[in-house]
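Taking it in order: structure first as structure tokens, then the write-up.
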Amino acid sequence: MLLLRKYLWLNFLFFSLFTASSIVAEEFRLRAHHAFWKNQTADTEKEIDFGRGVSAKILGKYPILRDERSVNYITRIGTGISAQLGRPELRYYFGVLDTEEINAFAAPGGYIFVTRGALKLMHNEAQLAGVLAHELAHIDQKHIVRKLKLQSIDRSLTSGIAQVLGGASLSAKIALERLNDLAFKMLMEEGLSKDDEADADQKALEMLLSTGYDLQSYLDYLQSLKPFLEKGQAKVLSKTHPTIQFRYNNLRNFIIKNELENFNGKKNEKRFQQNTVQL
Amino acid sequence: MTMSHQTRIDHFLLNKKKIISLFAVLLFSASLFSSTSIAQKELRYIKGLGAVLRADSSIQSKTLTKLIRGTRVILLETKGIWQKVKAGDNQGWLMRGLLTNQPINLKKSVLGQKISLNASSGRRLRLRTFSAVIGVKGLVDSKGKKISPYQTDYQALEWLEKQPADEEVSVQYLTFSE
């Protein structure tokens, strides 16, 4: 006891030392945080720039449908989902491609497209929400950016984008153009990995749950694609995605595993028909 | 003169106690340090405009409250697609995908910058400069190879970017059920 009292000053010294060091650590953490966000801002801007380039190519292949009624409707559904579950630093755009082909695309940075052919195949709002949520998940998880391996030495995915695409020189512009082409080819020809697609499908179901939409409708939509896969109408989709059976089973397993069979979500069939009847 | 056996033992014990008390202080401070870093690890923020906190880890479970964007929560447990969190006095379950580990106020500033970029003519100007450079080069690189075989349509993209999208209106629109 005497000893403790004798060395009390020492205890105080150590205590104050450690308090001081933890304050310094906190300060350091905050600074690192700001540095991270400064990087993140640059990365987000680059990702948007990159995504714009890819989107411009998508719109170079398929004309955009300038039908404000259906576009505003789809934008509301998509924005409603992304406001809850997307990346808060992004603004998402939802466009309709004027083609009979059946497909949907997501370019990095928040650009999502669904074809008129796909919309005509859908019966209700839950199916539309499911397709948009699937594409949102690709952007959320940065699947394209990851597959293009836009990462820096420290393996952080995003800070790589700014480094790779940040230069102002002509060679940097050419590099950006090449990367845009690679991303475009990935969307039109090669597709993402089977795992990424399975992941996006599951995340889509989670988003449907969170927003109260019927889950089975999305599975039904996938099934309804089947007859079009052999015909030319969904050629790109079948080339770039795993088989419908694989995707369907993946989602059925997810529903059973999480005990979601009895979930009764909304379908909003009438509202969907009213807003897409003109297509 | 040599120390008696007893004094030597006393000295040794004194030193030992000194060392032990030093270690005790060290350990105490270290534990303080590590506990704060654990707390930082489990701290999360609500990223959506309104996240439903439920009493149990089931979609049929009753709603406790709605947490607004940016609310700080402590992540307690993860079970399948459900995450147990503590938000102020409330404790309940959220669906996966509603949380982020970055504070939202900082993300909002990013959003603000993005909008200002879109609003100003600077962005488009830069884009035009970019297309001009490619145009002058005739879409070929130094070896005379075509840079991109694909067509682009930036006008269509700009039309799309002008379409309105209000987050709150959209979230409200989504709550409708026939």
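In the structure tokens, chains take letters A, B, ... by order of appearance, with residues numbered from 1 within each chain and ligands from 1 in the order shown.
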Practice prompt. Please identify all polymer residues within 7 Å of B:Gly97, counting only C-alpha atoms, omitting same-chain residues fewer than 2 positions from it, and present them as a PyMOL selection string.
Written response: (chain A and resi 85) or (chain B and resi 95+99)
Practice prompt. For chain B, report every residue with an atom at most 6 Å from chain A (counting only C-alpha atoms), formatted as a list in words.
Written response: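 Listed by rising number, the hits are Gly48, Leu49, Leu98, Lys107, Val110, Leu111, Gln151, Thr152, Asp153, Tyr154, Glu167, Ser170, Val171, Ser177 and Glu178 of chain B.
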Those residues with C-alpha atoms, as a PDB file, in the first residue's frame please?
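Saved as selection14.pdb:
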```
ATOM      1  CA  GLY B  48     -30.749   5.496 -46.575  1.00  0.00           C
ATOM      2  CA  LEU B  49     -33.428   8.136 -46.096  1.00  0.00           C
ATOM      3  CA  LEU B  98     -28.740  -0.215 -44.889  1.00  0.00           C
ATOM      4  CA  LYS B 107     -20.662  11.789 -48.249  1.00  0.00           C
ATOM      5  CA  VAL B 110     -19.371  14.764 -52.160  1.00  0.00           C
ATOM      6  CA  LEU B 111     -22.909  14.755 -53.517  1.00  0.00           C
ATOM      7  CA  GLN B 151     -19.991   5.305 -81.438  1.00  0.00           C
ATOM      8  CA  THR B 152     -20.986   7.653 -78.654  1.00  0.00           C
ATOM      9  CA  ASP B 153     -24.027   9.835 -78.005  1.00  0.00           C
ATOM     10  CA  TYR B 154     -23.334  12.479 -75.357  1.00  0.00           C
ATOM     11  CA  GLU B 167     -35.077  11.357 -53.427  1.00  0.00           C
ATOM     12  CA  SER B 170     -39.306   8.881 -54.909  1.00  0.00           C
ATOM     13  CA  VAL B 171     -39.127   7.201 -51.498  1.00  0.00           C
ATOM     14  CA  SER B 177     -49.325  -0.271 -52.517  1.00  0.00           C
ATOM     15  CA  GLU B 178     -52.337  -1.217 -54.667  1.00  0.00           C
TER      16      GLU B 178
END
```
Discussion item. To test your reading of the structure, identify every residue in stretch 37-261 of chain A that backbone DSSP assigns to strand (DSSP E), and report it as a PyMOL selection string.
Written reply: chain A and resi 93-97+104-107+111-115
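The two atoms in question, atom CA of A:Leu279 and atom CA of A:Leu97, are spaced 11.1 Å apart.
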